[in-house]
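Just coords-v1.pdb here, PDB, N, CA and C atoms:
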ATOM      1  N   MET A   1       9.881 -13.765  11.350
ATOM      2  CA  MET A   1       9.053 -12.578  11.351
ATOM      3  C   MET A   1       7.854 -12.834  12.259
ATOM      4  N   HIS A   2       7.477 -11.825  13.014
ATOM      5  CA  HIS A   2       6.325 -11.923  13.895
ATOM      6  C   HIS A   2       5.074 -12.187  13.065
ATOM      7  N   ARG A   3       4.214 -13.020  13.591
ATOM      8  CA  ARG A   3       3.020 -13.453  12.866
ATOM      9  C   ARG A   3       2.142 -12.290  12.404
ATOM     10  N   ILE A   4       1.910 -11.315  13.250
ATOM     11  CA  ILE A   4       1.036 -10.198  12.882
ATOM     12  C   ILE A   4       1.655  -9.354  11.759
ATOM     13  N   CYS A   5       2.973  -9.253  11.774
ATOM     14  CA  CYS A   5       3.672  -8.512  10.705
ATOM     15  C   CYS A   5       3.544  -9.259   9.380
ATOM     16  N   HIS A   6       3.720 -10.552   9.435
ATOM     17  CA  HIS A   6       3.588 -11.380   8.238
ATOM     18  C   HIS A   6       2.178 -11.278   7.664
ATOM     19  N   GLN A   7       1.184 -11.320   8.534
ATOM     20  CA  GLN A   7      -0.206 -11.184   8.082
ATOM     21  C   GLN A   7      -0.444  -9.831   7.416
ATOM     22  N   LYS A   8       0.102  -8.782   7.998
ATOM     23  CA  LYS A   8      -0.092  -7.440   7.427
ATOM     24  C   LYS A   8       0.512  -7.356   6.044
ATOM     25  N   ILE A   9       1.720  -7.854   5.891
ATOM     26  CA  ILE A   9       2.387  -7.795   4.588
ATOM     27  C   ILE A   9       1.546  -8.500   3.532
ATOM     28  N   HIS A  10       1.021  -9.671   3.856
ATOM     29  CA  HIS A  10       0.230 -10.411   2.877
ATOM     30  C   HIS A  10      -1.172  -9.832   2.688
ATOM     31  N   SER A  11      -1.623  -9.002   3.605
ATOM     32  CA  SER A  11      -2.911  -8.346   3.397
ATOM     33  C   SER A  11      -2.775  -7.128   2.474
ATOM     34  N   VAL A  12      -1.569  -6.590   2.380
ATOM     35  CA  VAL A  12      -1.334  -5.392   1.558
ATOM     36  C   VAL A  12      -0.860  -5.761   0.147
ATOM     37  N   PHE A  13      -0.018  -6.786   0.041
ATOM     38  CA  PHE A  13       0.625  -7.116  -1.239
ATOM     39  C   PHE A  13       0.235  -8.493  -1.741
ATOM     40  N   THR A  14       0.245  -8.631  -3.060
ATOM     41  CA  THR A  14       0.086  -9.947  -3.668
ATOM     42  C   THR A  14       1.445 -10.631  -3.659
ATOM     43  N   GLU A  15       1.447 -11.922  -3.924
ATOM     44  CA  GLU A  15       2.706 -12.660  -4.018
ATOM     45  C   GLU A  15       3.578 -12.075  -5.134
ATOM     46  N   ALA A  16       2.957 -11.706  -6.248
ATOM     47  CA  ALA A  16       3.708 -11.134  -7.375
ATOM     48  C   ALA A  16       4.340  -9.800  -6.996
ATOM     49  N   GLU A  17       3.608  -8.952  -6.282
ATOM     50  CA  GLU A  17       4.168  -7.669  -5.843
ATOM     51  C   GLU A  17       5.354  -7.873  -4.912
ATOM     52  N   LEU A  18       5.225  -8.834  -4.014
ATOM     53  CA  LEU A  18       6.328  -9.119  -3.094
ATOM     54  C   LEU A  18       7.558  -9.598  -3.858
ATOM     55  N   GLU A  19       7.334 -10.450  -4.828
ATOM     56  CA  GLU A  19       8.453 -10.995  -5.602
ATOM     57  C   GLU A  19       9.117  -9.933  -6.482
ATOM     58  N   GLN A  20       8.324  -9.084  -7.111
ATOM     59  CA  GLN A  20       8.847  -8.147  -8.099
ATOM     60  C   GLN A  20       9.273  -6.802  -7.526
ATOM     61  N   GLN A  21       8.573  -6.297  -6.492
ATOM     62  CA  GLN A  21       8.835  -4.946  -6.014
ATOM     63  C   GLN A  21       9.272  -4.855  -4.562
ATOM     64  N   TYR A  22       8.716  -5.662  -3.703
ATOM     65  CA  TYR A  22       8.938  -5.531  -2.257
ATOM     66  C   TYR A  22       9.668  -6.752  -1.706
ATOM     67  N   TYR A  23      10.791  -7.064  -2.315
ATOM     68  CA  TYR A  23      11.533  -8.282  -1.991
ATOM     69  C   TYR A  23      12.558  -8.119  -0.876
ATOM     70  N   ASP A  24      12.699  -6.921  -0.308
ATOM     71  CA  ASP A  24      13.585  -6.780   0.854
ATOM     72  C   ASP A  24      12.952  -5.828   1.873
ATOM     73  N   MET A  25      13.515  -5.838   3.073
ATOM     74  CA  MET A  25      12.924  -5.077   4.182
ATOM     75  C   MET A  25      12.917  -3.570   3.923
ATOM     76  N   GLU A  26      13.940  -3.047   3.297
ATOM     77  CA  GLU A  26      13.966  -1.608   3.023
ATOM     78  C   GLU A  26      12.804  -1.193   2.131
ATOM     79  N   ARG A  27      12.557  -1.958   1.108
ATOM     80  CA  ARG A  27      11.441  -1.642   0.204
ATOM     81  C   ARG A  27      10.099  -1.768   0.922
ATOM     82  N   LEU A  28       9.950  -2.818   1.741
ATOM     83  CA  LEU A  28       8.711  -2.983   2.505
ATOM     84  C   LEU A  28       8.488  -1.802   3.436
ATOM     85  N   ARG A  29       9.526  -1.413   4.170
ATOM     86  CA  ARG A  29       9.403  -0.297   5.118
ATOM     87  C   ARG A  29       9.102   1.022   4.426
ATOM     88  N   GLY A  30       9.454   1.143   3.168
ATOM     89  CA  GLY A  30       9.206   2.370   2.417
ATOM     90  C   GLY A  30       7.772   2.538   1.946
ATOM     91  N   HIS A  31       7.008   1.481   1.954
ATOM     92  CA  HIS A  31       5.609   1.573   1.515
ATOM     93  C   HIS A  31       4.789   2.249   2.614
ATOM     94  N   PRO A  32       3.947   3.221   2.268
ATOM     95  CA  PRO A  32       3.191   3.982   3.283
ATOM     96  C   PRO A  32       2.342   3.121   4.227
ATOM     97  N   ALA A  33       1.666   2.117   3.716
ATOM     98  CA  ALA A  33       0.813   1.286   4.582
ATOM     99  C   ALA A  33       1.657   0.491   5.582
ATOM    100  N   ILE A  34       2.793   0.012   5.148
ATOM    101  CA  ILE A  34       3.663  -0.755   6.036
ATOM    102  C   ILE A  34       4.343   0.178   7.027
ATOM    103  N   ALA A  35       4.751   1.350   6.585
ATOM    104  CA  ALA A  35       5.371   2.329   7.492
ATOM    105  C   ALA A  35       4.390   2.716   8.602
ATOM    106  N   ASP A  36       3.136   2.945   8.254
ATOM    107  CA  ASP A  36       2.108   3.260   9.260
ATOM    108  C   ASP A  36       1.925   2.094  10.229
ATOM    109  N   PHE A  37       1.885   0.885   9.694
ATOM    110  CA  PHE A  37       1.731  -0.301  10.538
ATOM    111  C   PHE A  37       2.911  -0.437  11.500
ATOM    112  N   ILE A  38       4.120  -0.213  11.020
ATOM    113  CA  ILE A  38       5.310  -0.322  11.870
ATOM    114  C   ILE A  38       5.247   0.684  13.014
ATOM    115  N   ARG A  39       4.821   1.903  12.718
ATOM    116  CA  ARG A  39       4.676   2.913  13.781
ATOM    117  C   ARG A  39       3.632   2.472  14.806
ATOM    118  N   TRP A  40       2.537   1.898  14.339
ATOM    119  CA  TRP A  40       1.472   1.452  15.232
ATOM    120  C   TRP A  40       1.921   0.266  16.081
ATOM    121  N   ILE A  41       2.508  -0.735  15.453
ATOM    122  CA  ILE A  41       2.874  -1.958  16.172
ATOM    123  C   ILE A  41       4.051  -1.722  17.116
ATOM    124  N   ALA A  42       4.875  -0.736  16.845
ATOM    125  CA  ALA A  42       6.031  -0.442  17.708
ATOM    126  C   ALA A  42       5.585  -0.041  19.118
ATOM    127  N   ARG A  43       4.364   0.447  19.251
ATOM    128  CA  ARG A  43       3.846   0.854  20.565
ATOM    129  C   ARG A  43       3.238  -0.310  21.348
ATOM    130  N   LYS A  44       3.172  -1.475  20.736
ATOM    131  CA  LYS A  44       2.582  -2.647  21.374
ATOM    132  C   LYS A  44       3.681  -3.460  22.071
ATOM    133  N   PRO A  45       3.312  -4.226  23.107
ATOM    134  CA  PRO A  45       4.301  -5.101  23.754
ATOM    135  C   PRO A  45       4.721  -6.214  22.783
ATOM    136  N   PRO A  46       5.916  -6.784  22.965
ATOM    137  CA  PRO A  46       6.416  -7.813  22.043
ATOM    138  C   PRO A  46       5.492  -9.024  21.887
ATOM    139  N   GLU A  47       4.756  -9.358  22.917
ATOM    140  CA  GLU A  47       3.883 -10.529  22.845
ATOM    141  C   GLU A  47       2.509 -10.220  22.255
ATOM    142  N   TYR A  48       2.275  -8.979  21.834
ATOM    143  CA  TYR A  48       0.977  -8.565  21.309
ATOM    144  C   TYR A  48       0.593  -9.398  20.090
ATOM    145  N   PHE A  49      -0.673  -9.804  20.052
ATOM    146  CA  PHE A  49      -1.236 -10.473  18.893
ATOM    147  C   PHE A  49      -2.667 -10.015  18.742
ATOM    148  N   ASP A  50      -3.031  -9.557  17.573
ATOM    149  CA  ASP A  50      -4.375  -9.067  17.301
ATOM    150  C   ASP A  50      -5.310 -10.252  17.127
ATOM    151  N   ARG A  51      -6.045 -10.585  18.173
ATOM    152  CA  ARG A  51      -6.905 -11.753  18.146
ATOM    153  C   ARG A  51      -8.198 -11.543  17.342
ATOM    154  N   SER A  52      -8.430 -10.339  16.855
ATOM    155  CA  SER A  52      -9.634 -10.098  16.069
ATOM    156  C   SER A  52      -9.476 -10.618  14.639
ATOM    157  N   ARG A  53      -8.269 -10.902  14.236
ATOM    158  CA  ARG A  53      -8.050 -11.438  12.890
ATOM    159  C   ARG A  53      -8.297 -12.933  12.907
ATOM    160  N   THR A  54      -8.858 -13.453  11.831
ATOM    161  CA  THR A  54      -9.099 -14.881  11.760
ATOM    162  C   THR A  54      -8.203 -15.507  10.699
ATOM    163  N   THR A  55      -7.869 -16.749  10.897
ATOM    164  CA  THR A  55      -7.069 -17.458   9.923
ATOM    165  C   THR A  55      -7.982 -18.116   8.901
ATOM    166  N   ARG A  56      -7.407 -18.561   7.818
ATOM    167  CA  ARG A  56      -8.191 -19.268   6.804
ATOM    168  C   ARG A  56      -8.786 -20.542   7.386
ATOM    169  N   GLU A  57      -8.028 -21.205   8.255
ATOM    170  CA  GLU A  57      -8.523 -22.431   8.867
ATOM    171  C   GLU A  57      -9.796 -22.177   9.671
ATOM    172  N   LYS A  58      -9.814 -21.089  10.440
ATOM    173  CA  LYS A  58     -10.986 -20.773  11.253
ATOM    174  C   LYS A  58     -12.178 -20.378  10.394
ATOM    175  N   ARG A  59     -11.910 -19.818   9.223
ATOM    176  CA  ARG A  59     -13.002 -19.431   8.326
ATOM    177  C   ARG A  59     -13.503 -20.598   7.511
ATOM    178  N   GLY A  60     -12.823 -21.761   7.600
ATOM    179  CA  GLY A  60     -13.268 -22.940   6.886
ATOM    180  C   GLY A  60     -12.811 -23.021   5.457
ATOM    181  N   ARG A  61     -11.691 -22.388   5.134
ATOM    182  CA  ARG A  61     -11.192 -22.443   3.748
ATOM    183  C   ARG A  61     -10.098 -23.459   3.608
TER     184      ARG A  61
END

Full structure transcribed into structure tokens:
Amino acid sequence: MHRICHQKIHSVFTEAELEQQYYDMERLRGHPAIADFIRWIARKPPEYFDRSRTTREKRGR
């Protein structure tokens, strides 16, 4: 999975939600926030990466 997509999924859902409700791609794509993100990211080039996001490592956690 593309890094930015993985980050988005974990920013929207908890681990428990992913395990219990959104455990496959169809269910993920059906969620409004993810559907909006997919429409937005589809217009970006394949190599696109949102550099404004920071990782936990960069934040010192």

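When atom C of Glu47 of chain A is paired with atom N of Ala16 of chain A, their separation reads 28.5 Å.
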
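When all atoms listed in the file are used to compute distances to Ile4 of chain A, the closest of the residues A:Glu19, A:Asp50, A:Arg29, A:Ala35 turns out to be A:Asp50.
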
Which of chain A fall in alpha helix (DSSP H), as a ChimeraX atom specification: /A:3-12,15-20,25-30,32-41,56-59

Given only C-alpha atoms as the basis, pick out the residue of A:Ile9, A:Arg39, A:Pro45, A:Arg3 nearest to Arg27 of chain A.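 Answer, going by the shortest atom-to-atom distance: A:Ile9.
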
Rounded to one decimal place, report the atom CA of Asp36 of chain A-atom CA of Val12 of chain A distance in Å.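 Atom-to-atom, atom CA of Asp36 of chain A to atom CA of Val12 of chain A, that is 12.1 Å.
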
Among the residues A:Gly30, A:Phe37, A:Leu18, A:Lys44, the one that comes closest to Cys5 of chain A [using only C-alpha atoms]: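 Closest to Cys5 of chain A, using only C-alpha atoms: A:Phe37.
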
Given 4 Å of margin on each side, can you work out the centre and size in Å (one decimal) of an axis-aligned box holding every listed atom of segment 9-20 of chain A, as JSON?
{"center_x": 3.2, "center_y": -9.0, "center_z": -1.1, "size_x": 20.2, "size_y": 15.3, "size_z": 22.0}

How far is it from atom CA of Ser11 of chain A to atom CA of Pro46 of chain A, in Å with one decimal?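 Computing it gives 20.9 Å between the two atoms.
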